[in-house]
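Next comes entry.cif, a file with mmCIF, C-alpha atoms.
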data_coords
#
loop_
_atom_site.label_atom_id
_atom_site.label_comp_id
_atom_site.auth_asym_id
_atom_site.auth_seq_id
_atom_site.Cartn_x
_atom_site.Cartn_y
_atom_site.Cartn_z
CA MET A 1 9.44 -84.79 -11.19
CA SER A 2 9.59 -84.17 -14.90
CA THR A 3 8.34 -86.56 -17.51
CA PRO A 4 10.77 -87.79 -20.13
CA SER A 5 10.41 -86.08 -23.47
CA SER A 6 9.90 -87.92 -26.71
CA PRO A 7 12.69 -88.17 -29.29
CA LEU A 8 10.66 -85.88 -31.59
CA ARG A 9 10.39 -83.18 -28.89
CA GLN A 10 14.10 -83.48 -28.11
CA ARG A 11 15.02 -83.13 -31.78
CA ILE A 12 12.74 -80.15 -32.42
CA THR A 13 13.97 -78.47 -29.24
CA LYS A 14 17.60 -79.00 -30.26
CA VAL A 15 17.03 -77.64 -33.78
CA SER A 16 15.00 -74.70 -32.43
CA TYR A 17 17.47 -73.69 -29.73
CA PRO A 18 19.52 -71.20 -31.82
CA TYR A 19 16.36 -69.44 -33.02
CA VAL A 20 14.80 -69.31 -29.56
CA ALA A 21 18.08 -67.99 -28.13
CA LYS A 22 18.10 -65.19 -30.74
CA LEU A 23 14.46 -64.34 -29.98
CA HIS A 24 15.23 -64.31 -26.26
CA ALA A 25 18.20 -61.98 -26.76
CA ALA A 26 16.23 -59.64 -29.03
CA PRO A 27 14.19 -56.70 -27.72
CA LYS A 28 10.87 -57.66 -26.11
CA LEU A 29 8.79 -56.33 -29.00
CA THR A 30 10.54 -58.52 -31.59
CA LEU A 31 8.18 -61.50 -31.35
CA PRO A 32 5.00 -59.38 -31.45
CA GLY A 33 6.58 -57.50 -34.36
CA ILE A 34 7.22 -60.74 -36.24
CA THR A 35 3.64 -61.82 -35.55
CA LEU A 36 2.32 -58.48 -36.84
CA LEU A 37 4.54 -58.72 -39.92
CA LEU A 38 3.22 -62.21 -40.68
CA ALA A 39 -0.34 -60.97 -40.18
CA LEU A 40 0.33 -58.15 -42.67
CA VAL A 41 1.80 -60.65 -45.11
CA GLY A 42 -1.44 -62.57 -44.69
CA VAL A 43 -3.39 -59.46 -45.65
CA PHE A 44 -1.38 -58.55 -48.73
CA ALA A 45 -0.14 -61.96 -49.88
CA PRO A 46 -2.37 -64.81 -50.87
CA VAL A 47 -4.34 -65.78 -47.77
CA PRO A 48 -3.07 -69.36 -47.49
CA VAL A 49 0.55 -68.21 -47.45
CA GLY A 50 0.22 -65.58 -44.73
CA VAL A 51 -2.08 -67.57 -42.51
CA LEU A 52 0.01 -70.70 -42.85
CA LEU A 53 3.15 -68.78 -41.84
CA LEU A 54 1.41 -67.26 -38.82
CA ALA A 55 -0.08 -70.60 -37.76
CA LEU A 56 3.30 -72.28 -38.12
CA LEU A 57 4.99 -69.63 -35.97
CA LEU A 58 2.38 -69.86 -33.23
CA GLY A 59 2.28 -73.66 -33.43
CA TRP A 60 6.06 -73.87 -33.15
CA LEU A 61 6.15 -71.60 -30.11
CA ALA A 62 3.22 -73.44 -28.50
CA PHE A 63 4.93 -76.79 -29.10
CA LEU A 64 8.18 -75.62 -27.53
CA SER A 65 6.52 -74.08 -24.49
CA TRP A 66 3.94 -76.84 -23.94
CA PRO A 67 5.88 -78.66 -21.14
CA ALA A 68 6.25 -75.42 -19.20
CA VAL A 69 2.47 -74.96 -19.00
CA THR A 70 0.89 -77.14 -16.34
CA THR A 71 -2.71 -75.92 -16.27
CA ALA A 72 -5.42 -76.44 -18.86
CA GLY A 73 -6.34 -72.76 -19.34
CA PRO A 74 -3.16 -71.56 -21.09
CA ARG A 75 -2.95 -74.78 -23.10
CA PHE A 76 -6.51 -74.28 -24.30
CA LEU A 77 -5.76 -70.68 -25.30
CA ARG A 78 -2.74 -71.75 -27.33
CA ILE A 79 -4.67 -74.40 -29.21
CA PHE A 80 -7.65 -72.08 -29.62
CA SER A 81 -5.57 -69.24 -31.11
CA ILE A 82 -4.04 -71.53 -33.73
CA LEU A 83 -7.44 -73.01 -34.59
CA VAL A 84 -8.98 -69.54 -34.99
CA ILE A 85 -6.22 -68.55 -37.42
CA LEU A 86 -6.66 -71.74 -39.43
CA LEU A 87 -10.46 -71.40 -39.45
CA PHE A 88 -10.08 -67.82 -40.66
CA ALA A 89 -7.89 -69.06 -43.48
CA VAL A 90 -10.36 -71.76 -44.46
CA SER A 91 -13.26 -69.29 -44.47
CA ARG A 92 -11.30 -66.78 -46.56
CA ILE A 93 -10.27 -69.47 -49.04
CA ALA A 94 -13.82 -70.84 -49.25
CA THR A 95 -15.33 -67.41 -49.97
CA GLY A 96 -12.72 -66.61 -52.57
#
Show me, as structure tokens, the structure contained in the file I just sent.
Amino acid sequence: MSTPSSPLRQRITKVSYPYVAKLHAAPKLTLPGITLLLALVGVFAPVPVGVLLLALLLGWLAFLSWPAVTTAGPRFLRIFSILVILLFAVSRIATG
């Protein structure tokens, strides 16, 4: 039995569908390549820009896949990875 999704989740899922479909049809290394590219942007661009882009990408993917994950372990890892990226950004910004 599935739980009903909120109107916000339905709207984000509907808007995201074309992008997710393109990512699904792309070669398997496309998403890791995008992640690496955003990480490199974070290295060469101002830190807040690159880290924010990477955190948004991972947050978006985690949000979309959240209902498919039923155990706490993978959910924790998704939240943890986004928090580590954001904490890295805050520490880099704080140190200058």
request  = For atom CA of A:Leu61 and atom CA of A:Ser91, quote the distance in Å rounded to one decimal.
outcome  =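 It comes out at 24.3 Å.
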task = Specify as a list in words each residue included when the PyMOL selection byres ((chain A and resi 79-84) around 12) is applied to this file.
result =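 For this structure, the PyMOL selection byres ((chain A and resi 79-84) around 12) captures Val51, Leu52, Leu53, Leu54, Ala55, Leu56, Leu57, Leu58, Gly59, Trp60, Leu61, Ala62, Phe63, Trp66, Ala72, Gly73, Pro74, Arg75, Phe76, Leu77, Arg78, Ile85, Leu86, Leu87, Phe88, Ala89, Val90 and Ser91 of chain A.
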query = Expressed in Å to a single decimal, how great is the separation between atom CA of A:Thr13 and atom CA of A:Pro48?
reply =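 These atoms are spaced 26.6 Å apart.
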message = Can you pull out the residues contacting stretch 14-20 of chain A? Cut-off 12 Å, using only C-alpha atoms, and skip same-chain residues under 3 positions away; I want them as a list in words.
response =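 Selected residues are Pro7, Leu8, Arg9, Gln10, Arg11, Leu23, His24, Ala25, Ala26, Thr30, Leu31, Leu57, Trp60, Leu61, Phe63, Leu64 and Ser65 of chain A.
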key: Protein and nucleic acid residues near (7.2, -81.0, -20.9) (cut-off 7 Å, all atoms listed in the file) as a PyMOL selection string   = chain A and resi 3+5+66-68
